[in-house]
$ cat start_14.cif   # mmCIF, C-alpha atoms
data_start
#
loop_
_atom_site.label_atom_id
_atom_site.label_comp_id
_atom_site.auth_asym_id
_atom_site.auth_seq_id
_atom_site.Cartn_x
_atom_site.Cartn_y
_atom_site.Cartn_z
CA MET A 7 69.82 38.64 -64.83
CA GLY A 8 69.47 35.22 -66.42
CA TRP A 9 66.42 34.36 -64.34
CA TYR A 10 64.73 37.63 -65.15
CA ASN A 11 65.49 37.34 -68.88
CA LYS A 12 63.84 33.93 -68.92
CA ARG A 13 60.70 35.45 -67.36
CA LEU A 14 60.82 38.24 -69.94
CA ALA A 15 61.16 35.73 -72.78
CA LYS A 16 58.04 33.92 -71.61
CA SER A 17 55.86 37.01 -71.35
CA ILE A 18 56.42 39.38 -74.23
CA TRP A 19 53.78 42.10 -74.49
CA VAL A 20 53.64 43.79 -77.85
CA PHE A 21 52.62 47.31 -78.76
CA HIS A 22 51.99 47.66 -82.45
CA VAL A 23 52.67 50.97 -84.21
CA SER A 24 51.97 51.43 -87.90
CA VAL A 25 54.12 54.16 -89.43
CA SER A 26 52.56 54.91 -92.83
CA PRO A 27 51.97 51.27 -93.77
CA CYS A 28 50.01 49.74 -96.66
CA ASN A 29 48.16 47.63 -94.02
CA ASN A 30 49.21 44.27 -95.42
CA CYS A 31 51.65 43.61 -92.59
CA ASP A 32 49.05 44.78 -90.04
CA ILE A 33 46.58 42.19 -91.32
CA GLU A 34 49.22 39.48 -91.15
CA ILE A 35 50.15 40.54 -87.61
CA LEU A 36 46.52 40.18 -86.53
CA ASP A 37 46.54 36.69 -88.06
CA LEU A 38 48.89 35.71 -85.24
CA LEU A 39 46.04 36.09 -82.75
CA THR A 40 43.66 33.79 -84.62
CA PRO A 41 43.06 30.15 -83.59
CA LYS A 42 45.37 28.79 -86.28
CA TYR A 43 48.52 30.50 -84.97
CA ASP A 44 47.46 31.56 -81.44
CA ILE A 45 50.53 33.41 -80.26
CA GLU A 46 49.20 33.49 -76.69
CA ARG A 47 50.66 29.97 -76.45
CA PHE A 48 54.04 31.67 -76.01
CA GLY A 49 52.70 34.26 -73.58
CA ILE A 50 52.68 37.00 -76.20
CA LYS A 51 49.79 39.42 -76.21
CA LEU A 52 48.96 42.72 -77.86
CA VAL A 53 48.60 45.58 -75.38
CA GLY A 54 47.01 48.95 -76.00
CA SER A 55 49.51 51.19 -74.21
CA ILE A 56 53.21 51.61 -74.89
CA ARG A 57 53.84 51.83 -71.13
CA HIS A 58 52.90 48.14 -70.77
CA ALA A 59 54.92 46.89 -73.72
CA ASP A 60 58.16 44.91 -73.97
CA VAL A 61 58.28 44.93 -77.75
CA LEU A 62 57.58 47.84 -80.06
CA LEU A 63 56.38 46.37 -83.33
CA VAL A 64 56.95 48.74 -86.25
CA SER A 65 55.35 48.14 -89.62
CA GLY A 66 55.45 50.44 -92.62
CA VAL A 67 57.91 52.82 -94.21
CA ILE A 68 59.29 55.49 -91.87
CA ASN A 69 58.85 58.90 -93.47
CA GLN A 70 59.62 62.43 -92.30
CA LYS A 71 56.13 63.03 -90.97
CA VAL A 72 55.87 60.00 -88.65
CA ALA A 73 59.53 59.81 -87.61
CA PRO A 74 59.16 62.28 -84.66
CA LYS A 75 56.05 60.42 -83.47
CA LEU A 76 57.89 57.11 -83.61
CA LYS A 77 60.76 58.61 -81.66
CA GLN A 78 58.31 59.94 -79.06
CA ILE A 79 56.58 56.57 -78.66
CA TYR A 80 59.95 54.86 -78.24
CA SER A 81 60.99 57.36 -75.58
CA GLN A 82 57.70 56.80 -73.69
CA ALA A 83 58.27 53.06 -73.32
CA ALA A 84 59.39 51.46 -70.06
CA ARG A 85 62.85 49.88 -70.38
CA PRO A 86 63.77 47.16 -71.34
CA ILE A 87 62.11 47.60 -74.74
CA PHE A 88 62.91 45.77 -77.96
CA VAL A 89 62.09 47.15 -81.38
CA VAL A 90 60.97 44.70 -84.04
CA GLY A 91 60.42 45.78 -87.63
CA VAL A 92 57.93 43.81 -89.69
CA GLY A 93 58.01 43.78 -93.48
CA THR A 94 60.32 44.97 -96.22
CA CYS A 95 59.59 48.63 -95.48
CA PRO A 96 61.53 48.88 -92.18
CA ALA A 97 64.10 46.47 -93.62
CA SER A 98 65.06 48.37 -96.77
CA GLY A 99 62.41 50.93 -97.63
CA CYS A 100 60.87 48.64 -100.23
CA CYS A 101 59.91 50.46 -103.44
CA PHE A 102 59.66 53.76 -101.57
CA LYS A 103 63.36 53.97 -100.70
CA ASP A 104 64.13 56.68 -103.27
CA SER A 105 61.10 58.75 -102.36
CA TYR A 106 61.67 62.34 -101.24
CA ASN A 107 60.05 62.00 -97.82
CA VAL A 108 61.48 58.69 -96.62
CA VAL A 109 63.98 58.66 -93.77
CA LYS A 110 67.21 57.42 -95.32
CA LYS A 111 68.68 55.64 -92.29
CA ARG A 112 66.17 54.03 -89.92
CA ASP A 113 68.66 53.71 -87.08
CA ASP A 114 68.79 57.50 -86.87
CA ILE A 115 65.24 57.36 -85.49
CA ILE A 116 65.22 54.35 -83.16
CA PRO A 117 67.55 51.34 -82.82
CA PHE A 118 66.01 48.19 -84.32
CA ASP A 119 66.77 44.88 -82.61
CA LEU A 120 65.12 42.56 -85.11
CA ILE A 121 63.84 42.82 -88.65
CA ILE A 122 61.41 40.33 -90.15
CA PRO A 123 61.53 40.86 -93.93
CA GLY A 124 58.78 39.91 -96.36
CA CYS A 125 56.05 41.80 -98.14
CA PRO A 126 54.13 40.90 -96.06
CA PRO A 127 55.99 38.22 -94.03
CA LYS A 128 54.05 35.05 -93.38
CA PRO A 129 52.79 34.57 -89.81
CA GLU A 130 55.16 31.60 -89.55
CA ALA A 131 58.07 33.91 -90.35
CA MET A 132 56.96 36.33 -87.62
CA ILE A 133 56.73 33.50 -85.08
CA GLU A 134 60.24 32.42 -86.11
CA GLY A 135 61.48 35.96 -85.60
CA VAL A 136 59.94 36.16 -82.14
CA ALA A 137 61.41 32.75 -81.32
CA LYS A 138 64.84 34.14 -82.24
CA LEU A 139 64.29 37.06 -79.87
CA MET A 140 63.32 34.58 -77.15
CA GLY A 141 66.44 32.57 -77.93
CA VAL A 142 68.63 35.64 -77.41
CA LEU A 143 66.89 36.36 -74.10
CA ASN A 144 67.18 32.75 -72.92
CA ALA A 145 70.87 32.46 -73.78
CA MET B 1 50.07 41.85 -31.64
CA LYS B 2 49.82 38.09 -31.67
CA PRO B 3 52.11 36.27 -34.16
CA GLU B 4 49.28 34.17 -35.62
CA LEU B 5 47.49 37.32 -36.75
CA LEU B 6 50.52 38.17 -38.87
CA PHE B 7 50.43 34.62 -40.24
CA TYR B 8 46.75 35.02 -41.17
CA LEU B 9 47.43 38.32 -42.87
CA LEU B 10 50.60 37.42 -44.76
CA VAL B 11 50.57 33.68 -45.36
CA PHE B 12 47.51 31.50 -45.18
CA PRO B 13 44.20 33.14 -45.95
CA GLY B 14 45.92 36.43 -46.62
CA PHE B 15 48.58 37.54 -49.07
CA LEU B 16 50.55 34.45 -50.18
CA PHE B 17 47.64 32.04 -50.44
CA THR B 18 45.35 34.50 -52.21
CA ALA B 19 48.05 35.68 -54.60
CA ILE B 20 49.16 32.16 -55.62
CA LEU B 21 45.61 30.82 -55.91
CA GLY B 22 44.54 33.98 -57.74
CA LEU B 23 47.33 33.79 -60.31
CA THR B 24 46.56 30.09 -60.84
CA VAL B 25 42.84 30.76 -61.26
CA GLY B 26 43.78 33.60 -63.61
CA TRP B 27 45.41 30.93 -65.75
CA ILE B 28 42.12 28.94 -65.71
CA ASP B 29 40.35 32.12 -66.79
CA ARG B 30 42.69 32.69 -69.73
CA LYS B 31 42.76 29.01 -70.71
CA VAL B 32 38.96 28.58 -70.64
CA SER B 33 38.53 31.86 -72.56
CA ALA B 34 41.02 30.57 -75.15
CA ARG B 35 39.18 27.27 -75.47
CA PHE B 36 35.95 29.23 -76.02
CA GLN B 37 37.63 30.79 -79.06
CA TYR B 38 39.14 27.45 -80.29
CA ARG B 39 42.63 28.59 -79.29
CA VAL B 40 45.20 26.73 -77.20
CA GLY B 41 45.78 29.34 -74.54
CA PRO B 42 48.79 30.30 -72.40
CA PRO B 43 50.98 27.87 -70.42
CA PHE B 44 50.32 27.16 -66.75
CA LEU B 45 52.82 29.58 -65.18
CA GLN B 46 51.96 32.44 -67.56
CA ASN B 47 50.52 34.81 -64.95
CA PHE B 48 53.48 34.25 -62.62
CA ASN B 49 55.86 35.05 -65.49
CA ASP B 50 53.87 38.19 -66.33
CA PHE B 51 53.93 39.37 -62.72
CA PHE B 52 57.66 38.78 -62.18
CA LYS B 53 58.45 40.36 -65.53
CA LEU B 54 56.51 43.51 -64.59
CA LEU B 55 58.35 43.68 -61.24
CA GLY B 56 61.62 44.08 -63.12
CA LYS B 57 60.52 46.74 -65.58
CA GLU B 58 61.11 50.45 -65.33
CA THR B 59 58.53 52.56 -63.48
CA LEU B 60 57.63 55.68 -65.41
CA ILE B 61 56.09 58.61 -63.59
CA VAL B 62 54.10 61.11 -65.60
CA LYS B 63 55.09 64.76 -65.51
CA GLU B 64 51.58 66.17 -65.16
CA GLY B 65 49.44 64.85 -62.34
CA ALA B 66 50.03 63.74 -58.77
CA ALA B 67 52.93 61.30 -58.71
CA SER B 68 52.52 60.27 -55.06
CA ILE B 69 48.87 59.19 -55.45
CA PHE B 70 49.70 57.65 -58.80
CA ILE B 71 52.30 55.38 -57.21
CA ALA B 72 50.48 54.78 -53.91
CA ALA B 73 47.08 53.79 -55.36
CA PRO B 74 47.93 50.25 -56.58
CA PHE B 75 49.69 49.38 -53.33
CA ILE B 76 46.88 50.71 -51.11
CA ALA B 77 44.37 48.81 -53.25
CA PHE B 78 46.54 45.73 -52.82
CA ALA B 79 46.54 46.22 -49.04
CA MET B 80 42.72 46.50 -49.10
CA LEU B 81 42.43 43.18 -50.90
CA VAL B 82 44.89 41.45 -48.56
CA LEU B 83 42.79 42.64 -45.60
CA VAL B 84 39.53 41.50 -47.19
CA SER B 85 40.98 38.12 -48.10
CA ALA B 86 42.30 37.69 -44.55
CA ILE B 87 38.92 38.60 -43.01
CA ILE B 88 36.93 36.30 -45.30
CA GLY B 89 39.56 33.56 -45.20
CA THR B 90 39.82 33.37 -41.41
CA ALA B 91 36.02 33.16 -41.15
CA LEU B 92 35.90 30.42 -43.80
CA PHE B 93 38.88 28.30 -42.74
CA PHE B 94 39.34 28.90 -38.99
CA GLY B 95 35.94 30.18 -37.90
CA ILE B 96 37.45 33.36 -36.47
CA SER B 97 35.53 36.60 -36.92
CA PHE B 98 34.59 39.74 -35.08
CA GLY B 99 31.23 41.48 -34.88
CA GLY B 100 30.40 43.59 -37.91
CA ASP B 101 33.15 42.33 -40.20
CA ILE B 102 30.75 42.23 -43.16
CA ILE B 103 30.56 46.03 -42.93
CA VAL B 104 34.35 46.23 -42.93
CA VAL B 105 34.44 44.03 -46.03
CA MET B 106 31.89 46.24 -47.81
CA TYR B 107 33.85 49.34 -46.87
CA LEU B 108 37.22 47.96 -47.99
CA LEU B 109 35.86 46.72 -51.31
CA MET B 110 34.39 50.14 -51.99
CA LEU B 111 37.72 51.73 -51.07
CA PHE B 112 39.35 49.48 -53.66
CA SER B 113 37.21 51.09 -56.38
CA VAL B 114 38.06 54.51 -54.97
CA MET B 115 41.75 53.64 -55.33
CA VAL B 116 41.19 52.74 -58.99
CA ILE B 117 39.51 56.11 -59.47
CA LEU B 118 42.31 57.99 -57.67
CA GLY B 119 45.06 56.18 -59.54
CA GLY B 120 43.34 56.77 -62.84
CA SER B 121 42.72 60.44 -62.32
CA ALA B 122 46.20 61.10 -60.90
CA SER B 123 47.98 60.23 -64.13
CA GLY B 124 46.92 63.27 -66.12
CA ASN B 125 46.10 61.24 -69.21
CA VAL B 126 42.80 61.95 -71.00
CA TYR B 127 41.91 58.30 -71.56
CA SER B 128 42.91 57.51 -68.02
CA SER B 129 40.60 60.16 -66.54
CA LEU B 130 37.80 59.00 -68.85
CA GLY B 131 38.28 55.52 -67.45
CA ALA B 132 38.24 56.88 -63.89
CA GLY B 133 34.98 58.73 -64.62
CA ARG B 134 33.43 55.56 -65.95
CA GLU B 135 34.62 53.70 -62.87
CA ILE B 136 32.79 56.28 -60.70
CA LYS B 137 29.59 55.75 -62.68
CA LEU B 138 29.92 51.99 -62.45
CA LEU B 139 30.54 52.23 -58.71
CA LEU B 140 27.41 54.37 -58.32
CA ALA B 141 25.49 51.82 -60.37
CA ASP B 142 26.47 48.62 -58.61
CA GLU B 143 27.10 49.72 -55.02
CA LEU B 144 23.44 49.99 -53.98
CA VAL B 145 22.56 46.57 -55.40
CA PHE B 146 25.66 45.09 -53.79
CA ILE B 147 24.69 46.40 -50.34
CA LEU B 148 21.05 45.27 -50.75
CA VAL B 149 22.20 41.82 -51.79
CA LEU B 150 24.56 41.54 -48.81
CA LEU B 151 21.62 42.43 -46.56
CA ILE B 152 19.81 39.21 -47.50
CA PRO B 153 22.13 36.76 -45.66
CA ILE B 154 22.33 39.22 -42.75
CA ILE B 155 18.54 39.36 -42.38
CA LYS B 156 17.98 35.65 -42.95
CA SER B 157 20.51 34.66 -40.28
CA GLY B 158 18.62 36.71 -37.70
CA TYR B 159 20.28 40.10 -38.16
CA GLN B 160 23.84 38.84 -37.64
CA LEU B 161 26.68 41.01 -38.92
CA ASP B 162 29.21 38.34 -37.96
CA LEU B 163 30.51 36.19 -40.83
CA GLN B 164 31.04 33.23 -38.52
CA LYS B 165 27.41 33.36 -37.31
CA ILE B 166 26.16 33.49 -40.91
CA ILE B 167 28.08 30.26 -41.61
CA ALA B 168 26.75 28.71 -38.38
CA TYR B 169 23.18 29.62 -39.37
CA GLN B 170 23.65 27.97 -42.78
CA GLU B 171 25.09 24.83 -41.20
CA ALA B 172 21.98 24.52 -39.04
CA ASN B 173 19.27 25.60 -41.52
CA GLY B 174 20.67 24.81 -44.98
CA MET B 175 22.27 27.07 -47.53
CA MET B 176 20.98 30.60 -48.18
CA VAL B 177 20.66 29.83 -51.88
CA SER B 178 17.98 27.21 -51.16
CA SER B 179 15.41 29.96 -50.45
CA VAL B 180 13.68 32.31 -52.92
CA SER B 181 15.39 35.47 -51.71
CA GLY B 182 18.70 33.60 -51.57
CA ILE B 183 18.50 32.63 -55.26
CA ILE B 184 17.68 36.21 -56.33
CA GLY B 185 20.42 37.52 -54.06
CA PHE B 186 22.98 35.09 -55.44
CA ILE B 187 22.24 35.96 -59.07
CA PHE B 188 22.49 39.70 -58.47
CA ALA B 189 25.57 39.25 -56.30
CA LEU B 190 27.21 37.43 -59.21
CA LEU B 191 26.34 40.29 -61.58
CA CYS B 192 27.58 42.91 -59.08
CA ILE B 193 30.84 41.02 -58.77
CA GLN B 194 31.16 41.01 -62.55
CA ALA B 195 30.81 44.80 -62.39
CA LYS B 196 33.16 45.22 -59.43
CA MET B 197 35.86 43.16 -61.12
CA THR B 198 35.19 45.06 -64.38
CA LEU B 199 34.82 41.79 -66.27
CA PRO B 200 32.74 41.71 -69.44
CA PRO B 201 29.91 42.70 -69.93
CA PHE B 202 30.81 45.44 -67.41
CA HIS B 203 34.40 46.15 -68.48
CA ILE B 204 33.33 49.69 -69.35
CA PRO B 205 36.10 51.49 -67.36
CA GLU B 206 38.96 49.63 -69.06
CA ALA B 207 37.41 49.14 -72.50
CA GLU B 208 40.43 47.98 -74.48
CA THR B 209 39.23 49.12 -77.87
CA GLU B 210 38.11 52.67 -77.04
CA ILE B 211 40.10 53.94 -74.04
CA VAL B 212 42.78 51.26 -74.16
CA GLU B 213 43.23 50.21 -70.54
CA GLY B 214 41.30 53.03 -68.91
CA PRO B 215 42.73 53.99 -65.51
CA PHE B 216 45.79 51.76 -66.02
CA ILE B 217 47.01 53.22 -69.31
CA GLU B 218 49.93 55.20 -67.83
CA TYR B 219 51.08 52.51 -65.38
CA SER B 220 54.26 50.58 -66.04
CA GLY B 221 56.54 48.25 -64.13
CA PRO B 222 55.79 47.16 -60.54
CA PRO B 223 52.66 49.36 -60.05
CA LEU B 224 51.11 47.81 -63.16
CA GLY B 225 52.14 44.38 -61.89
CA PHE B 226 50.30 45.04 -58.65
CA TRP B 227 47.17 46.18 -60.53
CA LYS B 228 47.27 42.88 -62.42
CA LEU B 229 47.83 40.97 -59.18
CA ASN B 230 44.88 42.82 -57.59
CA HIS B 231 42.69 41.74 -60.47
CA PHE B 232 43.66 38.10 -60.03
CA MET B 233 43.31 38.26 -56.23
CA MET B 234 39.71 39.33 -56.74
CA PHE B 235 39.17 35.99 -58.47
CA VAL B 236 39.71 34.51 -55.00
CA VAL B 237 38.13 37.12 -52.75
CA PHE B 238 34.75 37.45 -54.46
CA PRO B 239 33.98 33.74 -55.04
CA PHE B 240 34.99 33.01 -51.43
CA MET B 241 32.63 35.74 -50.29
CA LEU B 242 29.76 34.30 -52.34
CA ILE B 243 30.43 30.81 -50.97
CA LEU B 244 30.51 32.18 -47.44
CA LEU B 245 27.31 34.21 -47.74
CA PHE B 246 25.16 32.04 -50.00
CA TRP B 247 26.62 28.55 -50.37
CA GLY B 248 27.24 27.63 -46.75
CA GLY B 249 31.01 27.98 -46.46
CA PHE B 250 33.61 25.22 -46.79
CA ASN B 251 33.68 21.76 -45.28
CA PHE B 252 37.00 19.96 -44.75
CA GLU B 253 35.93 16.48 -43.65
CA GLY B 254 36.30 13.58 -46.07
CA ILE B 255 34.36 14.10 -49.27
CA GLY B 256 33.58 17.65 -48.17
CA ILE B 257 36.97 18.81 -49.50
CA LEU B 258 36.02 17.78 -53.03
CA TRP B 259 32.66 19.49 -52.64
CA SER B 260 34.34 22.70 -51.41
CA VAL B 261 36.74 22.78 -54.38
CA LEU B 262 33.84 22.11 -56.75
CA LYS B 263 31.84 24.99 -55.26
CA TYR B 264 34.73 27.38 -55.84
CA LEU B 265 35.45 26.19 -59.38
CA LEU B 266 31.75 26.31 -60.26
CA ILE B 267 31.50 29.98 -59.33
CA VAL B 268 34.73 30.82 -61.17
CA VAL B 269 33.62 28.99 -64.32
CA LEU B 270 30.20 30.67 -64.12
CA MET B 271 31.98 34.04 -64.04
CA ILE B 272 34.18 33.05 -67.00
CA ILE B 273 31.14 31.90 -69.01
CA ILE B 274 29.35 35.21 -68.39
CA LYS B 275 32.57 36.98 -69.35
CA ASN B 276 32.97 35.13 -72.64
CA THR B 277 29.42 35.16 -73.88
CA ASN B 278 28.60 38.84 -73.45
CA PRO B 279 29.71 41.93 -75.35
CA ARG B 280 30.49 45.19 -73.56
CA ILE B 281 27.44 47.29 -72.72
CA ARG B 282 27.36 51.07 -72.68
CA ILE B 283 27.57 52.97 -69.39
CA ASP B 284 23.94 54.17 -69.65
CA THR B 285 22.79 50.60 -70.27
CA ALA B 286 24.67 49.50 -67.18
CA LEU B 287 23.12 52.28 -65.07
CA ASN B 288 19.69 51.41 -66.48
CA PHE B 289 20.15 47.75 -65.68
CA PHE B 290 21.34 48.30 -62.11
CA TRP B 291 18.98 51.11 -61.14
CA LYS B 292 15.80 50.24 -63.03
CA TYR B 293 15.82 46.45 -62.78
CA ALA B 294 18.40 45.12 -60.34
CA THR B 295 17.68 47.51 -57.46
CA PRO B 296 13.87 46.97 -57.29
CA ILE B 297 14.21 43.20 -57.66
CA SER B 298 16.87 42.94 -54.96
CA LEU B 299 14.76 45.24 -52.75
CA ILE B 300 11.86 42.78 -53.20
CA ALA B 301 14.28 39.98 -52.28
CA VAL B 302 15.25 41.86 -49.10
CA ILE B 303 11.55 42.27 -48.19
CA LEU B 304 10.97 38.57 -48.90
CA SER B 305 13.87 37.67 -46.63
CA VAL B 306 12.36 39.80 -43.83
CA PHE B 307 9.24 37.63 -44.04
CA GLY B 308 11.37 34.51 -44.05
CA PHE B 309 11.07 33.27 -47.64
#

$ encode --input "start_14.cif" --output "structure tokens"
Amino acid sequence: MGWYNKRLAKSIWVFHVSVSPCNNCDIEILDLLTPKYDIERFGIKLVGSIRHADVLLVSGVINQKVAPKLKQIYSQAARPIFVVGVGTCPASGCCFKDSYNVVKKRDDIIPFDLIIPGCPPKPEAMIEGVAKLMGVLNA
Amino acid sequence: MKPELLFYLLVFPGFLFTAILGLTVGWIDRKVSARFQYRVGPPFLQNFNDFFKLLGKETLIVKEGAASIFIAAPFIAFAMLVLVSAIIGTALFFGISFGGDIIVVMYLLMLFSVMVILGGSASGNVYSSLGAGREIKLLLADELVFILVLLIPIIKSGYQLDLQKIIAYQEANGMMVSSVSGIIGFIFALLCIQAKMTLPPFHIPEAETEIVEGPFIEYSGPPLGFWKLNHFMMFVVFPFMLILLFWGGFNFEGIGILWSVLKYLLIVVLMIIIKNTNPRIRIDTALNFFWKYATPISLIAVILSVFGF
């Protein structure tokens, strides 16, 4: 499996799902595609369909209304799939954590493999997070 | 069956050669596109990594829709392209052809589009069937022009349907593209190829921003990998066909090798430039363009070629 994991690490296709976000993280994620950061250097590209994806990128706070949809999207993905949370919201719930409609424990919905905290995280931080994922795959 | 036929089909002008060259040229496509946007672009082996990664992923089959057609379509389309590349490649590299192979090529290329339509409509997804419908419209738009344009080299070489005889005619009388009808034919052939490969400005069936990937939205794992491979193999098949029909084939003596490689790269870069400098047009604009403008002009080119211009 080592050979295959190395191929997977070099070609990570990302499907981005925003579960009730404030859009700051989404803007920062799109910054990764701009000439300054150009994440295609590492073979990463955004795809439009969850069936094509290797990474499910979750941004925003997971509340009761979107939790079933998120679960459905995760179940539609082709394995292997990694779930990456971007921002403080998937990490801790941010300032919404005591709200009545927020899911208390995110791992009840889908298992997260990697969390990139920050509100929003800098593009450099996201690249570092992805590099860590690649490091796990290459090991 | 003779063993060298299997070699032609599976190794040299056929599967292995076309796939490896196609994936490499796919890297040139992505790299040049990235440089157009002041980006760095992917590493050299990116398309190989993508393909091998997709081979190892899970294949999901949708509950609604016809699973057998859904799975079979990419592989049949792949077989079509291997056949076309073997037919064109043997004529280009070894000078072997049979009478009427240009008709077989036309037929197989059309069947490729039919496979895209079948695969798209078999998945039961709304976006996927929308993409398949758009593919039908695009096929209706470009097929007539494509056939008219292919008629020009046939007529100019003295009504020869044999690829080898078209090359022989061009070796004796100069390239097709040096005549008036040849230039018109070449330009419209290039545009038709842009439409057949669904490259911008004709990427209407798989418009990423509206219907995500069109017919390919539900594909995952190896079938998706083969769709991607098919796309990159067309980067070899279509330029080779243009070189064969309009630019006088390849020459492998001395400096001729350099000239042959330059011919191929020139066509590929021309396609990439058209791809990167044009936005997506609507389906009615595409139909308008092909039926109102391209068809009459290529018909005039066919008439000109009958009179020898």

$ closest_residue --input "start_14.cif" --among "A:Leu39, A:Ala84, A:Val72, A:Ile122" --to "chain B" --atoms "only C-alpha atoms"
A:Ala84

$ residues_around --input "start_14.cif" --residues "B:Thr295" --least-positions-apart "3" --cutoff "9 Å" --atoms "all atoms listed in the file" --output "ChimeraX atom specification"
/B:142,144-145,148,289-292,298-300

$ atom_distance --input "start_14.cif" --atom1 "atom CA of B:Phe309" --atom2 "atom CA of B:Ile274"
27.7 Å

$ resolve_selection --input "start_14.cif" --expression "the PyMOL selection byres ((chain B) within 10 of (chain A))" --output "JSON, numbers by chain"
{"B": [30, 31, 34, 35, 37, 38, 39, 40, 41, 42, 43, 45, 46, 47, 48, 49, 50, 51, 52, 53, 54, 55, 56, 57, 58, 59, 60, 62, 208, 209, 210, 211, 212, 213, 214, 216, 217, 218, 219, 220, 221, 224, 225]}

$ write_last_selection --input "start_14.cif" --atoms "C-alpha atoms" --output "mmCIF file, in the frame of the given file"
data_model
loop_
_atom_site.group_PDB
_atom_site.id
_atom_site.type_symbol
_atom_site.label_atom_id
_atom_site.label_comp_id
_atom_site.auth_asym_id
_atom_site.auth_seq_id
_atom_site.Cartn_x
_atom_site.Cartn_y
_atom_site.Cartn_z
ATOM 1 C CA ARG B 30 42.690 32.690 -69.730
ATOM 2 C CA LYS B 31 42.760 29.010 -70.710
ATOM 3 C CA ALA B 34 41.020 30.570 -75.150
ATOM 4 C CA ARG B 35 39.180 27.270 -75.470
ATOM 5 C CA GLN B 37 37.630 30.790 -79.060
ATOM 6 C CA TYR B 38 39.140 27.450 -80.290
ATOM 7 C CA ARG B 39 42.630 28.590 -79.290
ATOM 8 C CA VAL B 40 45.200 26.730 -77.200
ATOM 9 C CA GLY B 41 45.780 29.340 -74.540
ATOM 10 C CA PRO B 42 48.790 30.300 -72.400
ATOM 11 C CA PRO B 43 50.980 27.870 -70.420
ATOM 12 C CA LEU B 45 52.820 29.580 -65.180
ATOM 13 C CA GLN B 46 51.960 32.440 -67.560
ATOM 14 C CA ASN B 47 50.520 34.810 -64.950
ATOM 15 C CA PHE B 48 53.480 34.250 -62.620
ATOM 16 C CA ASN B 49 55.860 35.050 -65.490
ATOM 17 C CA ASP B 50 53.870 38.190 -66.330
ATOM 18 C CA PHE B 51 53.930 39.370 -62.720
ATOM 19 C CA PHE B 52 57.660 38.780 -62.180
ATOM 20 C CA LYS B 53 58.450 40.360 -65.530
ATOM 21 C CA LEU B 54 56.510 43.510 -64.590
ATOM 22 C CA LEU B 55 58.350 43.680 -61.240
ATOM 23 C CA GLY B 56 61.620 44.080 -63.120
ATOM 24 C CA LYS B 57 60.520 46.740 -65.580
ATOM 25 C CA GLU B 58 61.110 50.450 -65.330
ATOM 26 C CA THR B 59 58.530 52.560 -63.480
ATOM 27 C CA LEU B 60 57.630 55.680 -65.410
ATOM 28 C CA VAL B 62 54.100 61.110 -65.600
ATOM 29 C CA GLU B 208 40.430 47.980 -74.480
ATOM 30 C CA THR B 209 39.230 49.120 -77.870
ATOM 31 C CA GLU B 210 38.110 52.670 -77.040
ATOM 32 C CA ILE B 211 40.100 53.940 -74.040
ATOM 33 C CA VAL B 212 42.780 51.260 -74.160
ATOM 34 C CA GLU B 213 43.230 50.210 -70.540
ATOM 35 C CA GLY B 214 41.300 53.030 -68.910
ATOM 36 C CA PHE B 216 45.790 51.760 -66.020
ATOM 37 C CA ILE B 217 47.010 53.220 -69.310
ATOM 38 C CA GLU B 218 49.930 55.200 -67.830
ATOM 39 C CA TYR B 219 51.080 52.510 -65.380
ATOM 40 C CA SER B 220 54.260 50.580 -66.040
ATOM 41 C CA GLY B 221 56.540 48.250 -64.130
ATOM 42 C CA LEU B 224 51.110 47.810 -63.160
ATOM 43 C CA GLY B 225 52.140 44.380 -61.890
#

$ atom_distance --input "start_14.cif" --atom1 "atom CA of B:Thr285" --atom2 "atom CA of B:Ser305"
28.4 Å

$ resolve_selection --input "start_14.cif" --expression "the PyMOL selection byres ((chain B and resi 281) around 8)" --output "PDB file with C-alpha atoms, in the coordinates of the input"
ATOM      1  CA  PRO B 201      29.910  42.700 -69.930  1.00  0.00           C
ATOM      2  CA  PHE B 202      30.810  45.440 -67.410  1.00  0.00           C
ATOM      3  CA  ILE B 204      33.330  49.690 -69.350  1.00  0.00           C
ATOM      4  CA  PRO B 279      29.710  41.930 -75.350  1.00  0.00           C
ATOM      5  CA  ARG B 280      30.490  45.190 -73.560  1.00  0.00           C
ATOM      6  CA  ARG B 282      27.360  51.070 -72.680  1.00  0.00           C
ATOM      7  CA  ILE B 283      27.570  52.970 -69.390  1.00  0.00           C
ATOM      8  CA  THR B 285      22.790  50.600 -70.270  1.00  0.00           C
ATOM      9  CA  ALA B 286      24.670  49.500 -67.180  1.00  0.00           C
TER      10      ALA B 286
END

$ resolve_selection --input "start_14.cif" --expression "the PyMOL selection byres ((chain B and resi 12-23) around 10)" --output "ChimeraX atom specification"
/B:6-11,24-29,44-48,50-51,78-79,81-94,228-237

$ decode --input "start_14.cif" --residues "stretch 21-32 of chain A" --atoms "C-alpha atoms" --output "short mmCIF file (atom, residue, chain, number, x, y, z; two decimals), in the first residue's frame"
data_model
loop_
_atom_site.label_atom_id
_atom_site.label_comp_id
_atom_site.auth_asym_id
_atom_site.auth_seq_id
_atom_site.Cartn_x
_atom_site.Cartn_y
_atom_site.Cartn_z
CA PHE A 21 -14.43 18.74 -2.41
CA HIS A 22 -15.36 21.76 -0.39
CA VAL A 23 -18.56 21.79 1.68
CA SER A 24 -19.61 24.83 3.67
CA VAL A 25 -21.85 23.92 6.60
CA SER A 26 -23.36 27.20 7.80
CA PRO A 27 -20.15 29.21 7.55
CA CYS A 28 -19.53 32.96 7.83
CA ASN A 29 -17.68 32.71 4.46
CA ASN A 30 -14.35 33.96 5.75
CA CYS A 31 -12.75 30.53 5.60
CA ASP A 32 -14.25 29.96 2.13
#
